[in-house]
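So this one's start_21.cif, mmCIF, C-alpha atoms:
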```
data_final
#
loop_
_atom_site.group_PDB
_atom_site.id
_atom_site.type_symbol
_atom_site.label_atom_id
_atom_site.label_comp_id
_atom_site.auth_asym_id
_atom_site.auth_seq_id
_atom_site.Cartn_x
_atom_site.Cartn_y
_atom_site.Cartn_z
ATOM 1 C CA MET A 107 7.298 -21.446 -2.845
ATOM 2 C CA SER A 108 10.078 -20.004 -0.706
ATOM 3 C CA GLY A 109 11.609 -18.257 -3.684
ATOM 4 C CA CYS A 110 10.297 -17.839 -7.192
ATOM 5 C CA ALA A 111 9.946 -20.921 -9.351
ATOM 6 C CA CYS A 112 8.878 -18.763 -12.246
ATOM 7 C CA GLY A 113 10.400 -20.663 -15.105
ATOM 8 C CA LEU A 114 7.324 -20.733 -17.303
ATOM 9 C CA GLY A 115 8.060 -17.482 -19.120
ATOM 10 C CA PHE A 116 4.418 -17.467 -20.142
ATOM 11 C CA PHE A 117 3.682 -14.867 -22.809
ATOM 12 C CA MET A 118 0.302 -13.234 -22.591
ATOM 13 C CA ASP A 119 -0.868 -12.849 -26.186
ATOM 14 C CA GLN A 120 -3.390 -10.237 -25.176
ATOM 15 C CA GLN A 121 -3.117 -6.965 -23.312
ATOM 16 C CA ILE A 122 -4.193 -7.335 -19.711
ATOM 17 C CA ALA A 123 -4.545 -4.574 -17.150
ATOM 18 C CA GLY A 124 -5.573 -4.538 -13.523
ATOM 19 C CA VAL A 125 -4.277 -5.264 -10.038
ATOM 20 C CA LEU A 126 -3.040 -8.600 -8.728
ATOM 21 C CA ILE A 127 -3.181 -8.823 -4.940
ATOM 22 C CA ILE A 128 -0.293 -11.077 -3.993
ATOM 23 C CA ASP A 129 -0.015 -12.733 -0.579
ATOM 24 C CA LYS A 130 3.707 -12.056 -0.241
ATOM 25 C CA PRO A 131 5.707 -14.808 1.461
ATOM 26 C CA ALA A 132 8.392 -14.113 4.039
ATOM 27 C CA GLY A 133 11.972 -13.945 2.773
ATOM 28 C CA MET A 134 11.248 -12.145 -0.493
ATOM 29 C CA THR A 135 11.580 -8.441 -1.146
ATOM 30 C CA SER A 136 8.762 -6.630 -2.903
ATOM 31 C CA HIS A 137 11.073 -6.242 -5.904
ATOM 32 C CA ASP A 138 11.650 -10.031 -5.888
ATOM 33 C CA VAL A 139 7.888 -10.561 -6.121
ATOM 34 C CA VAL A 140 7.547 -8.050 -8.970
ATOM 35 C CA ALA A 141 10.402 -9.739 -10.863
ATOM 36 C CA CYS A 142 8.824 -13.166 -10.286
ATOM 37 C CA VAL A 143 5.410 -12.102 -11.616
ATOM 38 C CA ARG A 144 7.024 -10.381 -14.606
ATOM 39 C CA ARG A 145 8.668 -13.673 -15.541
ATOM 40 C CA LEU A 146 5.485 -15.614 -14.892
ATOM 41 C CA LEU A 147 3.302 -13.438 -17.089
ATOM 42 C CA GLY A 148 5.911 -12.463 -19.651
ATOM 43 C CA ILE A 149 4.934 -8.822 -19.054
ATOM 44 C CA ARG A 150 7.430 -6.110 -18.199
ATOM 45 C CA GLN A 151 4.896 -3.449 -17.169
ATOM 46 C CA ILE A 152 4.325 -4.544 -13.563
ATOM 47 C CA GLY A 153 4.797 -2.436 -10.443
ATOM 48 C CA HIS A 154 3.590 -2.351 -6.844
ATOM 49 C CA PHE A 155 1.501 -0.080 -4.631
ATOM 50 C CA GLY A 156 3.897 0.175 -1.669
ATOM 51 C CA THR A 157 6.644 -2.146 -0.445
ATOM 52 C CA LEU A 158 6.664 -4.748 2.307
ATOM 53 C CA ASP A 159 9.785 -5.617 4.310
ATOM 54 C CA PRO A 160 11.339 -8.996 3.374
ATOM 55 C CA PHE A 161 10.376 -10.583 6.729
ATOM 56 C CA ALA A 162 6.758 -9.415 6.407
ATOM 57 C CA THR A 163 3.940 -11.262 4.649
ATOM 58 C CA GLY A 164 0.529 -10.415 3.272
ATOM 59 C CA VAL A 165 -1.138 -7.959 0.926
ATOM 60 C CA LEU A 166 1.132 -6.679 -1.848
ATOM 61 C CA PRO A 167 -0.945 -5.140 -4.664
ATOM 62 C CA LEU A 168 0.827 -5.427 -8.023
ATOM 63 C CA SER A 169 -0.259 -3.227 -10.903
ATOM 64 C CA VAL A 170 -0.298 -4.856 -14.325
ATOM 65 C CA GLY A 171 -0.280 -3.048 -17.666
ATOM 66 C CA LYS A 172 -2.116 0.273 -17.651
ATOM 67 C CA ALA A 173 -2.836 -0.123 -13.931
ATOM 68 C CA THR A 174 0.783 0.862 -13.203
ATOM 69 C CA ARG A 175 -0.273 4.455 -13.848
ATOM 70 C CA PHE A 176 -2.587 4.307 -10.815
ATOM 71 C CA ALA A 177 0.307 4.071 -8.326
ATOM 72 C CA GLN A 178 0.073 7.830 -7.705
ATOM 73 C CA PHE A 179 -3.351 7.309 -6.102
ATOM 74 C CA TYR A 180 -2.304 4.470 -3.782
ATOM 75 C CA LEU A 181 1.190 5.050 -2.377
ATOM 76 C CA LYS A 182 -0.160 7.014 0.606
ATOM 77 C CA SER A 183 -3.203 4.810 1.126
ATOM 78 C CA ARG A 184 -4.480 3.584 4.475
ATOM 79 C CA LYS A 185 -2.983 0.220 5.471
ATOM 80 C CA ALA A 186 -3.832 -2.482 8.002
ATOM 81 C CA TYR A 187 -1.547 -4.993 9.700
ATOM 82 C CA GLU A 188 -1.412 -7.712 12.313
ATOM 83 C CA GLY A 189 1.927 -8.050 14.054
ATOM 84 C CA THR A 190 3.753 -9.496 17.031
ATOM 85 C CA MET A 191 5.829 -7.233 19.269
ATOM 86 C CA ARG A 192 8.500 -9.028 21.287
ATOM 87 C CA LEU A 193 9.193 -7.259 24.567
ATOM 88 C CA GLY A 194 12.453 -7.413 26.477
ATOM 89 C CA VAL A 195 15.038 -6.653 23.808
ATOM 90 C CA SER A 196 15.493 -4.084 21.040
ATOM 91 C CA THR A 197 17.336 -4.583 17.738
ATOM 92 C CA ASP A 198 19.124 -2.306 15.274
ATOM 93 C CA THR A 199 16.587 -3.028 12.510
ATOM 94 C CA TYR A 200 13.640 -2.780 14.931
ATOM 95 C CA ASP A 201 12.613 -6.310 13.852
ATOM 96 C CA GLY A 202 13.624 -9.917 14.428
ATOM 97 C CA THR A 203 16.202 -9.972 11.617
ATOM 98 C CA GLY A 204 18.477 -7.474 13.361
ATOM 99 C CA THR A 205 21.226 -7.530 15.968
ATOM 100 C CA PRO A 206 20.188 -6.921 19.593
ATOM 101 C CA THR A 207 21.028 -3.440 20.808
ATOM 102 C CA SER A 208 20.172 -4.125 24.436
ATOM 103 C CA GLU A 209 20.605 -6.892 26.968
ATOM 104 C CA GLU A 210 17.479 -9.006 27.268
ATOM 105 C CA VAL A 211 15.562 -8.054 30.385
ATOM 106 C CA THR A 212 12.777 -9.675 32.351
ATOM 107 C CA VAL A 213 9.439 -8.232 31.269
ATOM 108 C CA SER A 214 7.147 -7.148 34.076
ATOM 109 C CA VAL A 215 4.424 -5.422 32.093
ATOM 110 C CA GLU A 216 0.706 -6.102 32.319
ATOM 111 C CA ALA A 217 -1.705 -6.171 29.375
ATOM 112 C CA ASP A 218 -3.564 -3.096 30.603
ATOM 113 C CA THR A 219 -0.290 -1.140 30.687
ATOM 114 C CA ILE A 220 0.311 -2.033 27.044
ATOM 115 C CA GLU A 221 -3.240 -1.020 26.121
ATOM 116 C CA LYS A 222 -2.761 2.355 27.822
ATOM 117 C CA MET A 223 0.503 2.837 25.923
ATOM 118 C CA PHE A 224 -1.213 1.894 22.673
ATOM 119 C CA ARG A 225 -3.679 4.707 23.240
ATOM 120 C CA LYS A 226 -0.780 7.156 23.523
ATOM 121 C CA PHE A 227 0.464 5.978 20.122
ATOM 122 C CA THR A 228 -2.916 6.411 18.433
ATOM 123 C CA GLY A 229 -3.674 9.490 16.352
ATOM 124 C CA ARG A 230 -1.290 11.894 14.646
ATOM 125 C CA LEU A 231 2.290 11.561 15.822
ATOM 126 C CA MET A 232 5.830 12.335 14.746
ATOM 127 C CA GLN A 233 7.692 9.137 13.918
ATOM 128 C CA THR A 234 11.372 8.647 13.139
ATOM 129 C CA PRO A 235 11.875 5.947 10.457
ATOM 130 C CA PRO A 236 14.181 3.019 11.317
ATOM 131 C CA PRO A 237 17.872 3.434 10.411
ATOM 132 C CA TYR A 238 17.476 0.292 8.283
ATOM 133 C CA SER A 239 14.925 1.761 5.886
ATOM 134 C CA ALA A 240 14.712 2.916 2.278
ATOM 135 C CA LYS A 241 14.625 6.581 3.294
ATOM 136 C CA ARG A 242 17.349 8.636 1.649
ATOM 137 C CA VAL A 243 20.038 10.528 3.535
ATOM 138 C CA GLY A 244 21.897 12.871 1.207
ATOM 139 C CA GLY A 245 20.951 10.724 -1.789
ATOM 140 C CA THR A 246 21.944 7.416 -0.152
ATOM 141 C CA ARG A 247 19.505 4.836 1.210
ATOM 142 C CA ALA A 248 19.547 4.804 5.004
ATOM 143 C CA TYR A 249 20.023 1.019 5.140
ATOM 144 C CA GLU A 250 23.159 1.298 2.988
ATOM 145 C CA LEU A 251 24.706 3.696 5.520
ATOM 146 C CA ALA A 252 23.565 1.542 8.436
ATOM 147 C CA ARG A 253 25.185 -1.554 6.923
ATOM 148 C CA GLN A 254 28.450 0.381 6.690
ATOM 149 C CA ASN A 255 28.125 1.340 10.368
ATOM 150 C CA LYS A 256 27.848 4.987 9.383
ATOM 151 C CA PRO A 257 25.643 7.319 11.414
ATOM 152 C CA VAL A 258 22.096 7.628 10.146
ATOM 153 C CA GLN A 259 20.197 10.801 11.018
ATOM 154 C CA LEU A 260 16.596 10.649 9.845
ATOM 155 C CA GLU A 261 14.100 13.416 10.439
ATOM 156 C CA PRO A 262 10.791 12.492 12.099
ATOM 157 C CA VAL A 263 7.735 12.668 9.858
ATOM 158 C CA GLU A 264 4.070 13.026 10.702
ATOM 159 C CA VAL A 265 2.061 9.819 10.421
ATOM 160 C CA GLU A 266 -1.353 8.804 11.668
ATOM 161 C CA VAL A 267 -2.296 5.662 13.545
ATOM 162 C CA TYR A 268 -6.051 5.263 13.204
ATOM 163 C CA ALA A 269 -6.335 2.186 15.427
ATOM 164 C CA LEU A 270 -3.913 0.177 17.568
ATOM 165 C CA GLU A 271 -5.461 -2.821 19.312
ATOM 166 C CA LEU A 272 -3.931 -5.445 21.598
ATOM 167 C CA LEU A 273 -5.128 -8.861 20.419
ATOM 168 C CA SER A 274 -3.308 -11.029 22.960
ATOM 169 C CA PHE A 275 -0.386 -10.921 25.399
ATOM 170 C CA ASP A 276 1.520 -13.856 26.902
ATOM 171 C CA GLY A 277 3.833 -11.808 29.098
ATOM 172 C CA ILE A 278 6.510 -11.404 26.418
ATOM 173 C CA ARG A 279 4.794 -11.260 23.056
ATOM 174 C CA ALA A 280 2.020 -8.804 22.279
ATOM 175 C CA ARG A 281 -0.094 -9.502 19.211
ATOM 176 C CA MET A 282 -1.569 -6.311 17.824
ATOM 177 C CA ALA A 283 -3.734 -4.997 15.007
ATOM 178 C CA VAL A 284 -2.750 -1.696 13.411
ATOM 179 C CA GLU A 285 -4.503 0.633 10.973
ATOM 180 C CA CYS A 286 -2.354 3.520 9.842
ATOM 181 C CA SER A 287 -1.567 6.027 7.134
ATOM 182 C CA GLY A 288 0.853 5.321 4.327
ATOM 183 C CA GLY A 289 4.448 5.966 5.350
ATOM 184 C CA THR A 290 3.979 4.587 8.887
ATOM 185 C CA TYR A 291 6.620 2.104 10.038
ATOM 186 C CA VAL A 292 5.124 -0.555 12.304
ATOM 187 C CA ARG A 293 8.706 -1.481 13.208
ATOM 188 C CA SER A 294 9.198 2.016 14.604
ATOM 189 C CA LEU A 295 5.926 1.728 16.510
ATOM 190 C CA ALA A 296 7.133 -1.461 18.228
ATOM 191 C CA HIS A 297 10.564 0.020 18.958
ATOM 192 C CA ASP A 298 9.201 3.301 20.317
ATOM 193 C CA ILE A 299 6.609 1.563 22.482
ATOM 194 C CA GLY A 300 9.341 -0.672 23.911
ATOM 195 C CA GLN A 301 11.416 2.391 24.763
ATOM 196 C CA ARG A 302 8.469 4.057 26.502
ATOM 197 C CA LEU A 303 7.719 0.866 28.450
ATOM 198 C CA GLY A 304 11.347 0.772 29.572
ATOM 199 C CA CYS A 305 11.996 -2.820 28.553
ATOM 200 C CA GLY A 306 12.840 -2.514 24.860
ATOM 201 C CA ALA A 307 10.955 -4.253 22.072
ATOM 202 C CA HIS A 308 11.134 -5.197 18.426
ATOM 203 C CA LEU A 309 8.677 -6.375 15.788
ATOM 204 C CA GLU A 310 8.965 -10.153 15.619
ATOM 205 C CA GLY A 311 6.409 -10.724 12.853
ATOM 206 C CA LEU A 312 4.191 -8.686 10.553
ATOM 207 C CA ARG A 313 1.348 -9.529 8.191
ATOM 208 C CA ARG A 314 -0.337 -6.848 6.106
ATOM 209 C CA THR A 315 -4.053 -7.446 5.859
ATOM 210 C CA ALA A 316 -5.156 -4.527 3.672
ATOM 211 C CA VAL A 317 -3.962 -1.697 1.440
ATOM 212 C CA ALA A 318 -6.722 0.772 0.574
ATOM 213 C CA GLU A 319 -9.567 -1.398 -0.791
ATOM 214 C CA PHE A 320 -7.344 -4.448 -1.386
ATOM 215 C CA THR A 321 -7.619 -7.216 1.243
ATOM 216 C CA LEU A 322 -6.211 -10.631 2.070
ATOM 217 C CA GLY A 323 -9.496 -12.192 1.003
ATOM 218 C CA GLN A 324 -8.737 -11.134 -2.577
ATOM 219 C CA SER A 325 -5.108 -12.248 -2.501
ATOM 220 C CA VAL A 326 -3.381 -15.051 -4.350
ATOM 221 C CA THR A 327 -0.171 -16.863 -3.475
ATOM 222 C CA LEU A 328 2.644 -17.099 -5.996
ATOM 223 C CA GLU A 329 2.064 -20.848 -6.207
ATOM 224 C CA ALA A 330 -1.611 -20.382 -7.054
ATOM 225 C CA LEU A 331 -0.744 -17.687 -9.583
ATOM 226 C CA GLU A 332 1.728 -20.026 -11.252
ATOM 227 C CA ASP A 333 -1.020 -22.646 -11.548
ATOM 228 C CA ALA A 334 -3.379 -20.016 -12.995
ATOM 229 C CA VAL A 335 -0.794 -19.085 -15.620
ATOM 230 C CA GLY A 336 -0.498 -22.704 -16.707
ATOM 231 C CA GLU A 337 -4.288 -22.928 -16.978
ATOM 232 C CA GLN A 338 -4.564 -19.516 -18.706
ATOM 233 C CA ARG A 339 -6.940 -18.074 -16.107
ATOM 234 C CA VAL A 340 -4.802 -15.250 -14.695
ATOM 235 C CA GLU A 341 -7.533 -12.711 -15.386
ATOM 236 C CA SER A 342 -9.747 -14.387 -12.785
ATOM 237 C CA TYR A 343 -7.400 -12.904 -10.156
ATOM 238 C CA LEU A 344 -7.181 -9.428 -11.697
ATOM 239 C CA VAL A 345 -9.040 -6.491 -10.172
ATOM 240 C CA PRO A 346 -10.138 -4.603 -13.337
ATOM 241 C CA LEU A 347 -9.378 -0.935 -13.915
ATOM 242 C CA GLU A 348 -13.053 -0.026 -13.540
ATOM 243 C CA ALA A 349 -13.042 -1.387 -9.956
ATOM 244 C CA LEU A 350 -10.093 0.768 -8.838
ATOM 245 C CA LEU A 351 -10.681 3.882 -6.714
ATOM 246 C CA PRO A 352 -14.136 2.639 -5.647
ATOM 247 C CA ASP A 353 -14.884 5.763 -3.594
ATOM 248 C CA CYS A 354 -14.545 8.074 -6.608
ATOM 249 C CA PRO A 355 -17.765 9.197 -8.331
ATOM 250 C CA GLU A 356 -18.169 8.058 -11.941
ATOM 251 C CA LEU A 357 -19.080 10.188 -14.919
ATOM 252 C CA ILE A 358 -20.126 8.697 -18.271
ATOM 253 C CA VAL A 359 -19.186 10.711 -21.349
ATOM 254 C CA ARG A 360 -20.006 10.100 -25.008
ATOM 255 C CA GLY A 361 -19.532 11.604 -28.430
ATOM 256 C CA ARG A 362 -17.573 14.852 -28.545
ATOM 257 C CA GLU A 363 -17.175 14.868 -24.752
ATOM 258 C CA GLU A 364 -15.513 11.460 -24.838
ATOM 259 C CA LYS A 365 -13.172 12.560 -27.621
ATOM 260 C CA SER A 366 -12.251 15.718 -25.701
ATOM 261 C CA VAL A 367 -11.465 13.747 -22.539
ATOM 262 C CA ARG A 368 -9.327 11.278 -24.501
ATOM 263 C CA HIS A 369 -7.307 14.267 -25.774
ATOM 264 C CA GLY A 370 -6.732 15.429 -22.202
ATOM 265 C CA HIS A 371 -8.797 18.612 -22.435
ATOM 266 C CA LYS A 372 -10.261 20.278 -19.365
ATOM 267 C CA PHE A 373 -14.025 20.082 -19.034
ATOM 268 C CA GLN A 374 -16.803 21.647 -16.992
ATOM 269 C CA LEU A 375 -19.468 19.650 -15.237
ATOM 270 C CA ALA A 376 -22.982 20.518 -16.326
ATOM 271 C CA GLN A 377 -25.346 21.502 -13.530
ATOM 272 C CA THR A 378 -27.195 18.196 -13.918
ATOM 273 C CA GLU A 379 -23.930 16.364 -13.326
ATOM 274 C CA ARG A 380 -22.932 18.300 -10.215
ATOM 275 C CA PHE A 381 -22.651 16.014 -7.212
ATOM 276 C CA GLY A 382 -24.757 16.687 -4.168
ATOM 277 C CA ARG A 383 -27.703 18.139 -6.074
ATOM 278 C CA GLY A 384 -30.818 18.263 -3.916
ATOM 279 C CA THR A 385 -28.717 19.029 -0.840
ATOM 280 C CA GLY A 386 -28.674 22.794 -1.363
ATOM 281 C CA ARG A 387 -24.986 22.865 -2.205
ATOM 282 C CA VAL A 388 -22.586 21.320 -4.690
ATOM 283 C CA GLN A 389 -20.196 18.745 -3.332
ATOM 284 C CA GLU A 390 -16.635 19.115 -4.579
ATOM 285 C CA VAL A 391 -14.844 15.853 -5.298
ATOM 286 C CA SER A 392 -11.106 15.765 -5.891
ATOM 287 C CA LEU A 393 -11.147 12.863 -8.369
ATOM 288 C CA LEU A 394 -13.630 11.652 -10.998
ATOM 289 C CA LYS A 395 -13.577 8.342 -12.833
ATOM 290 C CA ILE A 396 -14.538 8.956 -16.465
ATOM 291 C CA LEU A 397 -16.197 6.060 -18.316
ATOM 292 C CA ASN A 398 -17.384 5.663 -21.885
ATOM 293 C CA PRO A 399 -20.924 4.464 -22.755
ATOM 294 C CA ASP A 400 -19.675 0.857 -22.540
ATOM 295 C CA HIS A 401 -18.662 1.550 -18.927
ATOM 296 C CA ARG A 402 -14.977 1.188 -19.716
ATOM 297 C CA LEU A 403 -12.664 3.461 -17.731
ATOM 298 C CA ILE A 404 -11.016 5.991 -20.053
ATOM 299 C CA ALA A 405 -9.622 8.589 -17.626
ATOM 300 C CA VAL A 406 -9.272 9.849 -14.075
ATOM 301 C CA ALA A 407 -9.862 13.584 -13.790
ATOM 302 C CA ARG A 408 -8.693 15.859 -11.000
ATOM 303 C CA HIS A 409 -10.614 18.849 -9.678
ATOM 304 C CA VAL A 410 -9.129 22.185 -10.775
ATOM 305 C CA SER A 411 -11.552 24.810 -9.500
ATOM 306 C CA GLY A 412 -15.288 25.379 -9.351
ATOM 307 C CA SER A 413 -16.825 22.849 -11.723
ATOM 308 C CA ILE A 414 -13.647 22.469 -13.831
ATOM 309 C CA TYR A 415 -11.851 19.111 -14.019
ATOM 310 C CA HIS A 416 -8.716 18.034 -15.860
ATOM 311 C CA PRO A 417 -8.065 14.452 -17.068
ATOM 312 C CA ASP A 418 -4.725 13.838 -15.343
ATOM 313 C CA LEU A 419 -4.649 10.169 -16.303
ATOM 314 C CA VAL A 420 -5.930 9.227 -19.753
ATOM 315 C CA LEU A 421 -6.056 5.570 -20.768
ATOM 316 C CA VAL A 422 -5.468 5.502 -24.526
#
```
Encoded form (structure tokens):
Amino acid sequence: MSGCACGLGFFMDQQIAGVLIIDKPAGMTSHDVVACVRRLLGIRQIGHFGTLDPFATGVLPLSVGKATRFAQFYLKSRKAYEGTMRLGVSTDTYDGTGTPTSEEVTVSVEADTIEKMFRKFTGRLMQTPPPYSAKRVGGTRAYELARQNKPVQLEPVEVEVYALELLSFDGIRARMAVECSGGTYVRSLAHDIGQRLGCGAHLEGLRRTAVAEFTLGQSVTLEALEDAVGEQRVESYLVPLEALLPDCPELIVRGREEKSVRHGHKFQLAQTERFGRGTGRVQEVSLLKILNPDHRLIAVARHVSGSIYHPDLVLV
């Protein structure tokens, strides 16, 4: 499916909530994918946990129903990619869809030189986003200014590259694996590395392999999702609410405590519920998943101070 053949307009007669991990095809924007799945499911309440460039493919987590409220916990999540950096020429978009900004040069770089450069681009670094990006400049998207040939001045931001590995190199194209913080532009990485190598470079291809706990192994193509809609088995692809934020401790509440949480009231952890007991100190956790006795997620609470938590997200 190169575009979206979502003409089914299937109406889900029951409330569904969770995360669909779409394997985004090249040529579609993230908004295109959201619009396609909205039409497929007949559900308006669908969002995404971080965009992918149109030329890129791979993991695009879509939140469905009540899961849309979890976006706040995922937009800065750790991400993983595999990409191909083309050496010898740079482009204005920093990828293969752009116009060359340099004459193509003969590449005389060895694999070990690239690996050494990769090490210099690992860790915390200040990165300037591409001029063709969704960053705002005075209220206007940077790419809108760039398309009008207007100057784009973007401030560098701190990002973190946890791992940058050279997978293969044929003398011109370097395949690489990247793990980085949210907000990192792999296009900028390729461009900046090309500048440092002195030969120019751009990102020729990109495939996202993970966002937080969501991986390609859990993903579904739009074609397969369309088939699942016709067979009324969409929920087999949904990651349920209870499985989100897997690293957060869980707390089961009942009776008056459950009612209080559902009303959004602050609460104090009892000593028996304090995490890290037996270690000599209490472990503070920033987020708690609150479940009812049936192990259904009813809230996500944020640490306030001491043993006090506040249900920031209540699922009513």
task: Determine the residue set returned by the PyMOL selection byres ((chain A and resi 220-228) around 12) for the present structure, and present it as a PyMOL selection string.
output: chain A and resi 191+193+213-219+229-233+265-287+290+292+294-305+307
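Here the question is which of A:Gly148, A:Pro160, A:Pro237, A:Gly311 gets nearest to Gly202 in chain A using only C-alpha atoms, and that residue is A:Gly311.
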field: Selection under test: the PyMOL selection byres ((chain A and resi 312) around 10); residues as a PyMOL selection string
entry: chain A and resi 132+158-159+161-164+187-191+201+281-283+292-293+309-311+313-315
Å distance separating CA of Glu261 in chain A from CA of Lys182 in chain A, one decimal place: 18.5 Å
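For the pair CA of Ser411 in chain A and CA of Arg184 in chain A, the interatomic distance is 26.4 Å.
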I want to know what sits within 6 Å of Thr197 in chain A, based on all atoms listed in the file, with residues of the same chain fewer than 2 positions away left out; could you give that as a short mmCIF file (atom, residue, chain, number, x, y, z; two decimals) with C-alpha atoms, keeping the file's coordinate frame?
```
data_model
loop_
_atom_site.label_atom_id
_atom_site.label_comp_id
_atom_site.auth_asym_id
_atom_site.auth_seq_id
_atom_site.Cartn_x
_atom_site.Cartn_y
_atom_site.Cartn_z
CA THR A 199 16.59 -3.03 12.51
CA TYR A 200 13.64 -2.78 14.93
CA GLY A 204 18.48 -7.47 13.36
CA THR A 205 21.23 -7.53 15.97
CA PRO A 206 20.19 -6.92 19.59
CA THR A 207 21.03 -3.44 20.81
#
```
message: Using Å and a single decimal, report how far CA of Leu146 in chain A sits from CA of Glu332 in chain A.
response: 6.8 Å
task: Please evaluate the PyMOL selection byres ((chain A and resi 402) around 12) against the displayed coordinates and give the resulting residues as a ChimeraX atom specification.
output: /A:346-350,356-360,364,395-401,403-406,421-422
The selected residues should be written to file as a CSV table (one decimal), in the frame of the given file (atoms: C-alpha atoms).
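Written out: again13.csv:
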```
chain,number,residue,atom,x,y,z
A,346,PRO,CA,-10.1,-4.6,-13.3
A,347,LEU,CA,-9.4,-0.9,-13.9
A,348,GLU,CA,-13.1,0.0,-13.5
A,349,ALA,CA,-13.0,-1.4,-10.0
A,350,LEU,CA,-10.1,0.8,-8.8
A,356,GLU,CA,-18.2,8.1,-11.9
A,357,LEU,CA,-19.1,10.2,-14.9
A,358,ILE,CA,-20.1,8.7,-18.3
A,359,VAL,CA,-19.2,10.7,-21.3
A,360,ARG,CA,-20.0,10.1,-25.0
A,364,GLU,CA,-15.5,11.5,-24.8
A,395,LYS,CA,-13.6,8.3,-12.8
A,396,ILE,CA,-14.5,9.0,-16.5
A,397,LEU,CA,-16.2,6.1,-18.3
A,398,ASN,CA,-17.4,5.7,-21.9
A,399,PRO,CA,-20.9,4.5,-22.8
A,400,ASP,CA,-19.7,0.9,-22.5
A,401,HIS,CA,-18.7,1.6,-18.9
A,403,LEU,CA,-12.7,3.5,-17.7
A,404,ILE,CA,-11.0,6.0,-20.1
A,405,ALA,CA,-9.6,8.6,-17.6
A,406,VAL,CA,-9.3,9.8,-14.1
A,421,LEU,CA,-6.1,5.6,-20.8
A,422,VAL,CA,-5.5,5.5,-24.5
```
query: Which polymer residues have any atom within 9 Å of an atom of Pro417 in chain A, counting all atoms listed in the file, with same-chain residues fewer than 3 positions away left out, as a PyMOL selection string?
result: chain A and resi 367-373+394+396+405-409+420
message: Give me the residues near range 175-178 of chain A as a PyMOL selection string, where near means some atom within 9 Å (using all atoms listed in the file) and where sequence neighbours in that chain fewer than 4 positions away do not count.
response: chain A and resi 153-156+169+171+182+350+419
message: Restricting the calculation to all atoms listed in the file: of A:Gln324, A:Gln374, A:Gln121, A:Ser136, which residue gets closest to Gln151 in chain A?
response: A:Gln121
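Distances here use all atoms listed in the file; by that measure, the residue among A:Pro167, A:Gly289, A:Pro257, A:Gly412 closest to Ala318 in chain A is A:Pro167.
Using only C-alpha atoms, the smallest distance between any of A:Arg145, A:His137, A:Arg253, A:Lys130 and Val335 in chain A comes from A:Arg145.
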query: Could you name the residues that touch Thr234 in chain A at 9 Å or less, counting all atoms listed in the file, but leaving out those on the same chain fewer than 6 positions away, as a PyMOL selection string?
result: chain A and resi 260-264+291+294
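Among the candidates A:Ile122, A:Arg144, A:Asn255, A:Val165, the one nearest to Ser325 in chain A when counting only C-alpha atoms is A:Val165.
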